[in-house]
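Trainee: Before we start, here is the structure in question, set down as structure tokens.
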Amino acid sequence: MLWAASLVCLGFLVGCGARPDPVQAEATSETRPDTPSAAVHPAKPNVIVFLSDTLGARHLGCYGYDRPTSPTIDALAEQGFLFERCYAQCSWTRPSVASMLTGVQASVHQATVSRRDNNQAYYEAQVLRDAFLTMGEAFLAGGYHTAIFQSNTHLQEEYGFMQGFEKRHFGRFIDPKPQMDLVLDWLDKDVQEPFFLYVHAIDPHHPYNPPQESFQTLFGDVAAPSERDMKIVRRYHGVYEAWVHGQQPFEGVKLSELSPEGLDFLRMRYDAEIRHVDDQLKRLLDKVDELGCRSRTTIAFVSDHGEEFREHGGIGHGRSLFDEVLHVPLIICPPGATTHVRVERAVSMFDLYPSLLTLAGLPIPEGLQAKSLFSASGECTATANEAVASELARRPLYSVIVEPYKVILDVDTKEFTIYDREKDPGETKPVADLAPDKRQALIDALLNQMKRNEDLAAVYGPPEWVRQDEESVEQLRAMGYL
């Protein structure tokens with residue numbers, strides 16, 4: 001994105017790794033006097049990160065949802081810090097998780113896209129390079145026993161996503177229940193304290209095939225939509241893939257033909273998968289209680305991105321930077337925490353990395369763009385809105401949230417769109433009457449961040465690629481990624 005540099009006034013530029021420039025005081029730094037504190041951490045507390053793939057914050061009870069999708073997650077939130085406005089750094093898994101694991105933006109780590117090689121003979125993917133000190137490596141260096149259980153094809157060991165983990169398990173799109181069976185077995189037989197455990201559950205990622213029990217728990221016996229809608233739902237893999245690649249119809253049906261009733265049924269299945277994940281989180285927390293180590297364990301619940309259901313015309317994720325795909329849950333419960341604190345300020349999802357290190361009493365590596373949400377003494381430091389940057393390389397798009405505004409840049413057309421999310425939370429009506437100086441300040445904040453990312457990326461050099469195996473290619477094509 002070298003063209004961006006020429007658009008930025010040199011007087012506004014600051015050093016690599018800095019946060020986006022604040023725009024006006026009333027938009028970014030509205031502070032409050034209280035600084036809620038975490039419990040004092042024990043020496044090297046255990047740390048658990050549970051990530052539920054594709055889970056938008058708006059589908060959880062603790063974030064105001066009206067369906068009982070998340071009793072365990074809601075109860076966890078009552079014991080710690082719930083960050084009401086947390087936003088992912090990308091709207092699909094590989095770059096988002098890479099940012100979480102490295103504390104830098106996607107255009108810096110450059111583990112973002114897949115492509116055909118120059119001869120069109122095979123697909124290759126950008127990898128998470130070992131030049132970055134990952135979260136797993138930081139905990140390993142801090143004297144922790146580390147383990148990862150993950151199930152997303154984007155995050156295989158060959159792509160660099162298991163750096164720093166001693167125990168490694170990858171099950172390609174494995175259901176969260178058998179995955180949790182493996183986690184609990186490890187905790188029963190092999191765990192040594194202090195440990196850092198990262199569990200990445202695949203649901204509620206499409207094609208939304210929840211266990212019948214989870215669906216019944218939420219909805220009981222409900223009438224199915226029309227036969228045509230059900231055909232689309234049952235063949236969702238193929239129908240979705242055909243829609244993504246512009247090859248509709250698939251077996252006589254099109255995703256675009258899904259009725260409003262069919263769309264709601266699809267959303268119900270998505271919600272039922274959330275309930276299934278919630279049940280597995282309960283099993284994990286029950287095991288931690290059984291082992292007697294809850295009081296010396298930090299527990300974090302998060303997602304990599306959300307999901308859209310035609311709020312802006314699309315279904316799925318990874319094609320826009322609207323709130324339905326960027327607003328994610330972030331819940332952090334330090335050891336022994338019992339007090340519920342709702343943090344209203346805007347924060348970045350990748351802030352989880354330095355936050356967990358701080359709560360564990362470990363040093364934060366140099367060069368991170370993310371920042372800790374806690375002080376060394378356990379005080380929550382998120383007392384002002386961050387300017388939150390997100391990006392999408394494969395379209396490409398770039399956005400910066402400077403409350404109450406979001407500015408989105410379409411890199412190809414060089415068009416900027418600004419939304420006032422306080423007046424227009426659905427981001428449906430671009431602001432047309434913003435004062436010129438305020439509009440320019442928002443645009444400068446975005447361009448300055450792009451330039452900082454560009455400068456920092458140059459320090460690490462060009463991206464690295466690895467050839468993708470045929471099974472991965474087939475799976476990712478079916479999921480609409482290739």
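All residue names refer to the structure tokens as shown: chains lettered A, B, ... in order, residues numbered from 1 in each chain, ligands numbered from 1 in order.
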Go through region 306-384 of chain A and collect every residue that DSSP, computed from the backbone, puts in strand (DSSP E); the answer should be as a VMD selection string.

Mentor: chain A and resid 308 to 309 315 to 316 327 to 328 330 to 333 341 to 348

Trainee: Which residues come within 10 Å of Leu357 (chain A), counting only C-alpha atoms, excluding same-chain residues fewer than 6 positions away, as number ranges by chain?

Mentor: A: 44, 47, 135, 138-139, 142, 363-365, 372, 374, 376

Trainee: Output C-alpha atoms of each residue in that selection to a file, as a short mmCIF file (atom, residue, chain, number, x, y, z; two decimals), in the first residue's frame.

Mentor:
data_model
loop_
_atom_site.label_atom_id
_atom_site.label_comp_id
_atom_site.auth_asym_id
_atom_site.auth_seq_id
_atom_site.Cartn_x
_atom_site.Cartn_y
_atom_site.Cartn_z
CA LYS A 44 3.03 -17.48 37.58
CA VAL A 47 -3.50 -19.04 31.82
CA MET A 135 2.12 -15.51 22.70
CA ALA A 138 6.43 -15.60 25.44
CA PHE A 139 4.80 -17.91 27.97
CA GLY A 142 8.46 -17.28 31.06
CA PRO A 363 7.55 -8.81 30.48
CA ILE A 364 5.90 -7.52 27.32
CA PRO A 365 8.10 -7.98 24.24
CA SER A 372 -1.97 -4.20 27.87
CA PHE A 374 -4.04 -3.86 32.79
CA ALA A 376 1.35 -4.33 36.68
#

Trainee: So that I can see what lies close to Gly61 (chain A), please list as a VMD selection string the residues with an atom at most 7 Å from it, counting only C-alpha atoms and leaving out residues fewer than 5 positions away in the same chain.

Mentor: chain A and resid 66 to 70 74

Trainee: Given only C-alpha atoms, how would the per-residue table for region 344-417 of chain A near region 422-442 of chain A read, listing every residue at most 7 Å away with its closest atom pair and distance in Å to one decimal, sorted by chain and number, as CSV?

Mentor:
residue,atom,partner,partner_atom,distance
A:Pro404,CA,A:Glu422,CA,5.6
A:Val407,CA,A:Leu442,CA,6.8
A:Thr417,CA,A:Pro430,CA,6.2

Trainee: Need the shell around Leu187 (chain A): protein/DNA/RNA residues with any atom at most 9 Å away, counting only C-alpha atoms. Skip same-chain ones fewer than 4 positions apart. Format as a list of chain:residue names?

Mentor: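 Near neighbours after the sequence-gap exclusion: A:Leu182, A:Val183, A:Val191, A:Gln192, A:Lys287, A:Val288, A:Leu291.
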
Trainee: Please write the residues from the selection above to a file, keeping N, CA and C atoms, as a compact mmCIF listing (two decimals), in the first residue's frame.

Mentor:
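Saved file out.txt follows:
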# COMPACT_ATOMS: atom_id res chain seq x y z
N LEU A 182 -10.19 -34.29 24.43
CA LEU A 182 -8.73 -34.33 24.38
C LEU A 182 -8.12 -33.34 25.36
N VAL A 183 -8.72 -32.15 25.45
CA VAL A 183 -8.21 -31.15 26.38
C VAL A 183 -8.32 -31.65 27.82
N VAL A 191 -0.83 -32.39 32.50
CA VAL A 191 -0.61 -30.98 32.78
C VAL A 191 0.35 -30.78 33.95
N GLN A 192 1.20 -29.78 33.81
CA GLN A 192 2.07 -29.33 34.89
C GLN A 192 1.90 -27.83 35.04
N LYS A 287 -13.63 -28.78 34.99
CA LYS A 287 -12.39 -29.53 35.21
C LYS A 287 -11.38 -28.69 35.98
N VAL A 288 -11.28 -27.42 35.66
CA VAL A 288 -10.38 -26.53 36.38
C VAL A 288 -10.78 -26.46 37.85
N LEU A 291 -9.80 -29.73 39.56
CA LEU A 291 -8.37 -29.79 39.83
C LEU A 291 -7.94 -28.83 40.93

Trainee: Tell me, in Å to one decimal, how far CA of Ile443 (chain A) is from CA of Asp412 (chain A).

Mentor: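 Answer for the CA of Ile443 (chain A) to CA of Asp412 (chain A) separation: 15.8 Å.
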
Trainee: To one decimal place, how far is CA of Ile48 (chain A) from CA of Leu197 (chain A) in Å?

Mentor: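 About the pair CA of Ile48 (chain A) and CA of Leu197 (chain A): they are 4.8 Å apart.
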
Trainee: What's around Ala43 (chain A) at 9 Å? Count only C-alpha atoms, leave out sequence neighbours fewer than 5 positions away in its own chain, and write the answer as a list in words.

Mentor: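 My list of contacting residues is Arg296, Ala360 and Gly361 of chain A.
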